[in-house]
>>> print(open('input-v4.tsv').read())   # TSV, C-alpha atoms and all ligand atoms
chain	number	residue	atom	x	y	z
A	1	MET	CA	33.64	-80.59	26.64
A	2	TRP	CA	31.71	-80.50	23.42
A	3	ILE	CA	28.17	-81.70	23.16
A	4	PRO	CA	27.54	-83.91	20.15
A	5	ILE	CA	23.78	-83.63	20.27
A	6	TYR	CA	23.34	-85.32	16.94
A	7	ARG	CA	26.18	-87.76	16.50
A	8	ALA	CA	24.65	-91.21	16.52
A	9	LYS	CA	27.74	-93.06	17.75
A	10	ALA	CA	27.95	-90.76	20.76
A	11	TYR	CA	24.32	-91.04	21.83
A	12	ARG	CA	25.02	-93.57	24.53
A	13	HIS	CA	27.43	-91.15	26.21
A	14	PHE	CA	24.66	-88.64	26.72
A	15	GLY	CA	21.91	-90.81	28.06
A	16	SER	CA	20.63	-88.22	30.48
A	17	PHE	CA	20.02	-85.91	27.57
A	18	PHE	CA	17.57	-88.25	25.95
A	19	SER	CA	13.83	-88.54	25.84
A	20	LYS	CA	11.54	-90.95	24.08
A	21	VAL	CA	9.59	-90.41	20.90
A	22	ASP	CA	7.35	-93.32	20.01
A	23	GLY	CA	9.29	-95.32	22.58
A	24	LYS	CA	12.63	-94.61	20.88
A	25	SER	CA	15.48	-92.67	22.45
A	26	ILE	CA	16.28	-89.38	20.83
A	27	PRO	CA	18.71	-86.67	21.80
A	28	GLY	CA	17.04	-84.05	23.94
A	29	GLY	CA	13.45	-84.01	25.03
A	30	VAL	CA	10.01	-83.45	23.70
A	31	PHE	CA	7.95	-80.35	24.23
A	32	ASN	CA	4.26	-80.61	23.76
A	33	TYR	CA	3.18	-77.32	22.23
A	34	ARG	CA	-0.51	-77.24	23.00
A	35	GLY	CA	-3.00	-75.30	20.96
A	36	ILE	CA	-1.64	-76.69	17.69
A	37	VAL	CA	-4.21	-77.05	14.98
A	38	SER	CA	-3.39	-78.83	11.76
A	39	CYS	CA	-0.06	-77.48	10.47
A	40	THR	CA	-0.28	-74.32	12.51
A	41	LEU	CA	2.67	-73.95	14.84
A	42	THR	CA	2.28	-72.31	18.19
A	43	MET	CA	5.81	-71.52	19.26
A	44	SER	CA	5.05	-69.10	22.05
A	45	GLU	CA	5.59	-71.78	24.66
A	46	SER	CA	9.05	-72.76	25.77
A	47	SER	CA	10.86	-75.26	27.91
A	48	SER	CA	10.96	-72.95	30.89
A	49	SER	CA	8.08	-71.36	32.71
A	50	PRO	CA	7.51	-67.61	32.29
A	51	GLY	CA	9.79	-65.60	34.53
A	52	LYS	CA	11.35	-62.24	35.11
A	53	GLU	CA	14.00	-62.73	32.45
A	54	LYS	CA	13.79	-60.26	29.58
A	55	ILE	CA	15.81	-58.77	26.75
A	56	VAL	CA	14.94	-55.25	25.61
A	57	VAL	CA	16.23	-53.90	22.30
A	58	MET	CA	17.21	-50.26	22.72
A	59	LYS	CA	16.66	-47.92	19.78
A	60	ASP	CA	20.02	-47.68	17.97
A	61	GLY	CA	21.58	-49.07	21.13
A	62	PRO	CA	22.35	-52.30	22.96
A	63	TYR	CA	20.33	-55.16	24.35
A	64	VAL	CA	19.36	-54.61	27.96
A	65	VAL	CA	19.16	-57.97	29.71
A	66	SER	CA	17.44	-58.29	33.06
A	67	GLY	CA	16.34	-61.10	35.36
A	68	SER	CA	19.75	-62.63	36.15
A	69	VAL	CA	20.05	-64.43	32.82
A	70	PRO	CA	23.22	-66.58	32.72
A	71	LEU	CA	25.69	-65.51	30.01
A	72	VAL	CA	27.95	-68.21	28.58
A	73	LYS	CA	30.25	-68.91	25.63
A	74	GLU	CA	29.53	-71.53	22.99
A	75	ASN	CA	31.90	-72.39	20.17
A	76	ILE	CA	30.86	-74.20	17.02
A	77	ILE	CA	32.97	-77.28	16.38
A	78	SER	CA	33.50	-78.83	12.99
A	79	GLU	CA	34.89	-81.69	11.00
A	80	GLY	CA	35.98	-81.28	7.41
A	81	GLY	CA	34.49	-77.80	7.25
A	82	ILE	CA	31.04	-78.94	8.41
A	83	SER	CA	29.61	-77.76	11.72
A	84	THR	CA	29.12	-80.84	13.88
A	85	GLY	CA	28.30	-79.64	17.35
A	86	TRP	CA	28.92	-77.19	20.16
A	87	GLU	CA	31.69	-76.71	22.69
A	88	LYS	CA	31.11	-74.85	25.92
A	89	GLY	CA	33.67	-72.07	26.23
A	90	GLY	CA	33.03	-70.77	29.73
A	91	ARG	CA	30.70	-68.52	31.65
A	92	TYR	CA	30.72	-64.77	32.20
A	93	PRO	CA	30.29	-63.40	35.73
A	94	ASP	CA	26.71	-63.62	36.95
A	95	ARG	CA	24.88	-60.28	36.98
A	96	LYS	CA	21.27	-59.34	37.63
A	97	ALA	CA	21.27	-57.00	34.65
A	98	TYR	CA	23.70	-56.10	31.88
A	99	THR	CA	23.87	-54.54	28.42
A	100	LEU	CA	25.14	-56.44	25.38
A	101	CYS	CA	26.63	-54.78	22.32
A	102	ARG	CA	24.47	-54.67	19.22
A	103	CYS	CA	26.61	-52.47	16.96
A	104	GLY	CA	29.63	-54.79	16.81
A	105	ARG	CA	32.14	-52.07	17.66
A	106	THR	CA	32.43	-52.29	21.42
A	107	SER	CA	35.88	-52.52	22.97
A	108	THR	CA	34.47	-54.67	25.79
A	109	PRO	CA	32.69	-57.53	23.99
A	110	PRO	CA	30.14	-58.87	24.52
A	111	TYR	CA	29.17	-55.92	26.70
A	112	CYS	CA	28.17	-52.48	25.45
A	113	ASP	CA	30.62	-49.60	26.01
A	114	ASN	CA	28.45	-46.91	24.38
A	115	THR	CA	30.41	-46.93	21.10
A	116	HIS	CA	27.04	-47.08	19.30
A	117	THR	CA	26.57	-43.42	20.21
A	118	SER	CA	29.85	-42.17	18.75
A	119	ILE	CA	29.49	-44.13	15.49
A	120	GLY	CA	25.84	-43.22	14.95
A	121	PHE	CA	24.71	-46.84	14.87
A	122	ASP	CA	21.49	-47.47	12.94
A	123	GLY	CA	19.87	-50.37	14.73
A	124	THR	CA	16.52	-50.22	12.98
A	125	GLU	CA	14.63	-53.45	13.52
A	126	LYS	CA	13.58	-54.87	10.15
A	127	ALA	CA	12.76	-58.43	11.19
A	128	ASP	CA	9.48	-59.91	10.00
A	129	ARG	CA	7.43	-60.07	13.19
A	130	ALA	CA	4.96	-62.65	11.92
A	131	PRO	CA	4.94	-65.88	13.94
A	132	LEU	CA	6.96	-68.78	12.60
A	133	SER	CA	3.77	-70.55	11.59
A	134	GLU	CA	2.77	-67.78	9.17
A	135	ARG	CA	5.99	-67.72	7.18
A	136	CYS	CA	7.55	-71.17	7.28
A	137	ALA	CA	7.96	-73.54	4.36
A	138	VAL	CA	6.65	-77.01	5.15
A	139	LEU	CA	8.33	-80.27	4.15
A	140	GLU	CA	6.35	-83.44	4.79
A	141	GLY	CA	8.44	-86.55	5.41
A	142	PRO	CA	7.08	-90.02	6.16
A	143	THR	CA	7.21	-89.61	9.97
A	144	LEU	CA	8.36	-86.01	10.48
A	145	THR	CA	7.22	-82.61	9.28
A	146	LEU	CA	9.94	-79.98	8.88
A	147	TYR	CA	9.08	-76.28	9.24
A	148	ASP	CA	11.66	-74.00	7.66
A	149	ARG	CA	11.83	-70.27	8.28
A	150	LYS	CA	14.72	-69.28	5.99
A	151	ASP	CA	14.87	-65.62	6.97
A	152	LEU	CA	15.95	-66.62	10.48
A	153	CYS	CA	19.05	-68.51	9.30
A	154	ALA	CA	22.24	-67.60	11.20
A	155	ARG	CA	24.45	-69.74	8.92
A	156	ALA	CA	25.73	-71.86	11.78
A	157	GLY	CA	25.76	-74.79	9.38
A	158	HIS	CA	24.74	-77.74	11.57
A	159	CYS	CA	21.84	-78.55	9.22
A	160	GLN	CA	24.35	-79.62	6.56
A	161	GLN	CA	25.50	-82.70	8.46
A	162	LEU	CA	25.23	-86.04	6.67
A	163	THR	CA	22.87	-85.56	3.74
A	164	GLY	CA	21.36	-82.44	5.27
A	165	ALA	CA	18.28	-81.96	7.43
A	166	TRP	CA	15.87	-81.84	4.49
A	167	THR	CA	16.97	-85.16	2.97
A	168	LEU	CA	17.01	-86.81	6.38
A	169	VAL	CA	13.39	-85.76	6.92
A	170	LYS	CA	12.43	-87.10	3.50
A	171	HIS	CA	13.79	-90.48	4.60
A	172	SER	CA	12.47	-90.34	8.16
A	173	ASP	CA	10.77	-93.72	7.77
A	174	GLU	CA	14.30	-95.12	8.26
A	175	GLU	CA	14.93	-95.09	12.00
A	176	GLU	CA	18.57	-94.00	11.81
A	177	LYS	CA	17.75	-91.06	9.56
A	178	ARG	CA	14.78	-90.05	11.67
A	179	ILE	CA	16.95	-89.89	14.79
A	180	ALA	CA	19.66	-88.04	12.90
A	181	ALA	CA	17.12	-85.50	11.61
A	182	ILE	CA	15.93	-84.78	15.15
A	183	GLY	CA	19.48	-84.23	16.38
A	184	VAL	CA	20.59	-82.12	13.41
A	185	VAL	CA	17.53	-79.86	13.49
A	186	ASN	CA	17.83	-79.25	17.21
A	187	GLU	CA	21.43	-78.12	16.81
A	188	CYS	CA	20.21	-75.14	14.78
A	189	PRO	CA	20.65	-72.20	17.19
A	190	ALA	CA	18.46	-69.78	15.25
A	191	GLY	CA	15.27	-71.82	15.36
A	192	ARG	CA	15.04	-71.68	11.57
A	193	LEU	CA	14.21	-75.40	11.53
A	194	VAL	CA	11.55	-77.02	13.69
A	195	LEU	CA	10.26	-80.62	13.61
A	196	ARG	CA	6.89	-82.14	14.30
A	197	ASN	CA	6.29	-85.80	15.09
A	198	LYS	CA	3.52	-86.83	12.67
A	199	LYS	CA	2.45	-89.72	14.87
A	200	ASN	CA	1.38	-87.64	17.87
A	201	ASP	CA	1.48	-84.11	16.40
A	202	GLU	CA	4.03	-82.92	18.96
A	203	ILE	CA	6.82	-80.47	18.28
A	204	ILE	CA	10.17	-82.11	18.97
A	205	GLU	CA	12.48	-79.76	20.80
A	206	ILE	CA	15.45	-80.19	23.12
A	207	PRO	CA	14.73	-78.50	26.45
A	208	ALA	CA	16.81	-75.42	27.13
A	209	GLU	CA	17.38	-73.41	30.27
A	210	LYS	CA	16.93	-69.67	30.02
A	211	GLU	CA	20.40	-68.58	28.99
A	212	ILE	CA	22.28	-66.44	26.47
A	213	ALA	CA	25.32	-67.87	24.69
A	214	VAL	CA	27.92	-65.73	22.94
A	215	VAL	CA	28.71	-67.73	19.82
A	216	GLN	CA	32.11	-68.12	18.18
A	217	HIS	CA	32.55	-69.82	14.82
A	218	PRO	CA	36.27	-70.82	14.83
A	219	HIS	CA	36.41	-72.82	11.60
A	220	LYS	CA	35.04	-69.82	9.74
A	221	GLY	CA	37.30	-67.52	11.77
A	222	VAL	CA	34.40	-65.29	12.82
A	223	SER	CA	32.41	-64.36	15.88
A	224	GLY	CA	28.74	-65.20	15.79
A	225	PRO	CA	25.46	-64.00	17.26
A	226	LEU	CA	23.88	-64.19	20.69
A	227	TRP	CA	22.09	-67.50	21.03
A	228	VAL	CA	19.03	-66.91	23.20
A	229	ARG	CA	17.69	-70.13	24.67
A	230	GLY	CA	14.75	-71.26	26.73
A	231	GLY	CA	12.07	-68.79	25.73
A	232	ILE	CA	13.36	-65.46	27.02
A	233	PRO	CA	11.00	-62.67	25.86
A	234	ILE	CA	12.64	-60.19	23.48
A	235	VAL	CA	11.04	-56.75	23.48
A	236	ALA	CA	11.50	-54.44	20.49
A	237	ALA	CA	12.37	-50.76	20.86
A	238	ASP	CA	8.72	-49.95	20.16
A	239	SER	CA	7.73	-52.17	23.13
A	240	GLU	CA	6.22	-54.99	21.05
A	241	THR	CA	7.34	-58.46	22.16
A	242	TYR	CA	8.61	-60.81	19.47
A	243	GLU	CA	7.25	-64.33	19.31
A	244	VAL	CA	8.78	-66.19	22.25
A	245	ARG	CA	10.88	-69.11	21.00
A	246	ASN	CA	13.02	-71.81	22.53
A	247	ARG	CA	15.91	-70.97	20.16
A	248	VAL	CA	16.69	-67.65	18.46
A	249	THR	CA	19.85	-65.77	17.52
A	250	LEU	CA	20.29	-62.03	17.97
A	251	CYS	CA	22.71	-59.99	15.85
A	252	ARG	CA	25.66	-58.48	17.71
A	253	CYS	CA	27.84	-57.59	14.72
A	254	GLY	CA	25.60	-54.71	13.65
A	255	ALA	CA	25.34	-55.85	10.03
A	256	SER	CA	22.16	-57.94	9.93
A	257	GLU	CA	19.46	-56.79	7.54
A	258	ARG	CA	16.88	-58.38	9.81
A	259	LYS	CA	17.71	-56.83	13.14
A	260	PRO	CA	17.42	-57.71	15.88
A	261	PHE	CA	17.88	-61.24	14.58
A	262	CYS	CA	21.06	-62.58	13.02
A	263	ASP	CA	20.94	-63.23	9.28
A	264	GLY	CA	24.45	-64.64	8.91
A	265	SER	CA	26.01	-61.33	7.84
A	266	HIS	CA	28.68	-61.70	10.52
A	267	ILE	CA	30.34	-64.21	8.16
A	268	SER	CA	30.23	-61.85	5.16
A	269	ILE	CA	31.82	-59.01	7.15
A	270	ASN	CA	34.33	-61.27	8.94
A	271	TYR	CA	33.15	-60.10	12.33
A	272	ASN	CA	35.81	-60.85	14.93
A	273	ASP	CA	35.42	-59.73	18.54
A	274	GLY	CA	38.94	-60.88	19.43
A	275	ASP	CA	37.93	-64.05	21.25
A	276	PRO	CA	40.91	-66.40	21.81
A	277	SER	CA	39.01	-69.30	20.20
A	278	LEU	CA	39.48	-67.58	16.83
A	279	LYS	CA	43.26	-67.64	17.16
A	280	ARG	CA	43.66	-71.39	17.41
B	1	LIG	S1	25.77	-61.55	14.42
B	1	LIG	FE1	24.94	-62.61	12.71
B	1	LIG	S2	24.35	-61.00	11.36
B	1	LIG	FE2	25.18	-59.92	13.07
>>> encode(input="input-v4.tsv", output="structure tokens", more="lines below")
Ligand code: FES
Amino acid sequence: MWIPIYRAKAYRHFGSFFSKVDGKSIPGGVFNYRGIVSCTLTMSESSSSPGKEKIVVMKDGPYVVSGSVPLVKENIISEGGISTGWEKGGRYPDRKAYTLCRCGRTSTPPYCDNTHTSIGFDGTEKADRAPLSERCAVLEGPTLTLYDRKDLCARAGHCQQLTGAWTLVKHSDEEEKRIAAIGVVNECPAGRLVLRNKKNDEIIEIPAEKEIAVVQHPHKGVSGPLWVRGGIPIVAADSETYEVRNRVTLCRCGASERKPFCDGSHISINYNDGDPSLKR
């Protein structure tokens, strides 16, 4: 089943997914990120309470996941070449701990098989560690503020629906476009785009369980990143913890220039882990 988070005509089919913003139904729910001052974003809070779940980036090696984090598959679905939603593709066996490939060369995707050692993988982490609030561009619409952190883009493409997230925000005084903007932005797996409700100053975010999704991008014919949801702490090889976010994408193709995060390079290198969804 695919989950059309945005698609206006399908909203009524996903009533349980909805929350209210200003008394209006929107897809997903609303998180109240406390400690927000003016346009400063505090994104260290997430939908789930702090727990034992953790992802550790190993120097020139894999991701070590602990805390019984569920591992699932998510495929991007599309219409006319535009990404329009997500399709659940199954669930991997539950494990308390596991290692996920970061070099892109494993023979047992998405798990690590130690190939990184034989190929001399350079997994140097070059991501900007500044919080979202310190680097984002800000677009003020009539009822919504859009925060845009371009360097986190995973090129999933959902933001291009309709007239695009940016134009929708500019016209967010029109109810239909405001609702569409909220849905489109929350489909972004990488957390590049974040919305604030100008009326009550709350960040608008769809709640997510702590989970990792292995992404496939069938209409591009490529495998995608690891979509980390629900605020799982990600610890760098030097033991510093990255800003905890509700949505981020980790590179698993080995080619990102902003490791550990995905920068969309998996499309440029035609990364294909052999998943059956890419053979349709
Ligand atoms: S998976 Fe996206 S850049 Fe590697």
>>> closest_residue(input="input-v4.tsv", among="A:Val214, A:Val56, A:Leu144, A:Cys159", to="A:Glu240", atoms="all atoms listed in the file")
A:Val56
>>> residues_near_point(input="input-v4.tsv", point="(20.1, -50.0, 10.1)", cutoff="12 Å", atoms="all atoms listed in the file", output="list in words")
Lys59, Asp60, Gly61, Arg102, Cys103, His116, Gly120, Phe121, Asp122, Gly123, Thr124, Glu125, Lys126, Ala127, Cys251, Cys253, Gly254, Ala255, Ser256, Glu257, Arg258, Lys259 and Pro260 of chain A
>>> residues_near_ligand(input="input-v4.tsv", ligand="ligand LIG 1 (chain B)", cutoff="12 Å", atoms="all atoms listed in the file", output="VMD selection string")
chain A and resid 101 to 105 110 123 127 151 to 156 189 to 190 214 to 217 222 to 227 248 to 273
>>> closest_residue(input="input-v4.tsv", among="A:Arg247, A:Ile232, A:Lys170, A:Ser78", to="A:Glu205", atoms="all atoms listed in the file")
A:Arg247
>>> atom_distance(input="input-v4.tsv", atom1="atom CA of A:Ala130", atom2="atom CA of A:Val235")
14.3 Å
>>> atom_distance(input="input-v4.tsv", atom1="atom CA of A:Pro70", atom2="atom CA of A:Asp128")
27.4 Å
>>> atom_distance(input="input-v4.tsv", atom1="atom CA of A:Tyr92", atom2="atom CA of A:Ser66")
14.8 Å
>>> residues_around(input="input-v4.tsv", residues="A:Glu53", least_positions_apart="5", cutoff="8 Å", atoms="all atoms listed in the file", output="list in words")
Val65, Ser66, Gly67, Ser68, Val69, Lys210, Ile232 and Pro233 of chain A
>>> residues_around(input="input-v4.tsv", residues="A:Leu193", least_positions_apart="4", cutoff="8 Å", atoms="all atoms listed in the file", output="list in words")
Leu146, Tyr147, Asp148, Arg149, Val185, Asn186 and Cys188 of chain A
>>> closest_residue(input="input-v4.tsv", among="A:Leu278, A:Tyr63, A:Thr143, A:Thr117", to="A:Glu175", atoms="all atoms listed in the file")
A:Thr143
>>> axis_aligned_box(input="input-v4.tsv", around="stretch 76-94 of chain A", padding_each_side="6 Å", output="lines of an AutoDock Vina configuration file")
center_x = 31.3
center_y = -72.5
center_z = 22.1
size_x = 21.3
size_y = 30.3
size_z = 41.7
>>> residues_near_point(input="input-v4.tsv", point="(34.1, -75.4, 5.0)", cutoff="12 Å", atoms="all atoms listed in the file", output="number ranges by chain")
A: 77-84, 155-158, 160-161, 217-221
>>> closest_residue(input="input-v4.tsv", among="A:Gly191, A:Gly164, A:Pro207, A:Pro109", to="A:Gly274", atoms="only C-alpha atoms")
A:Pro109
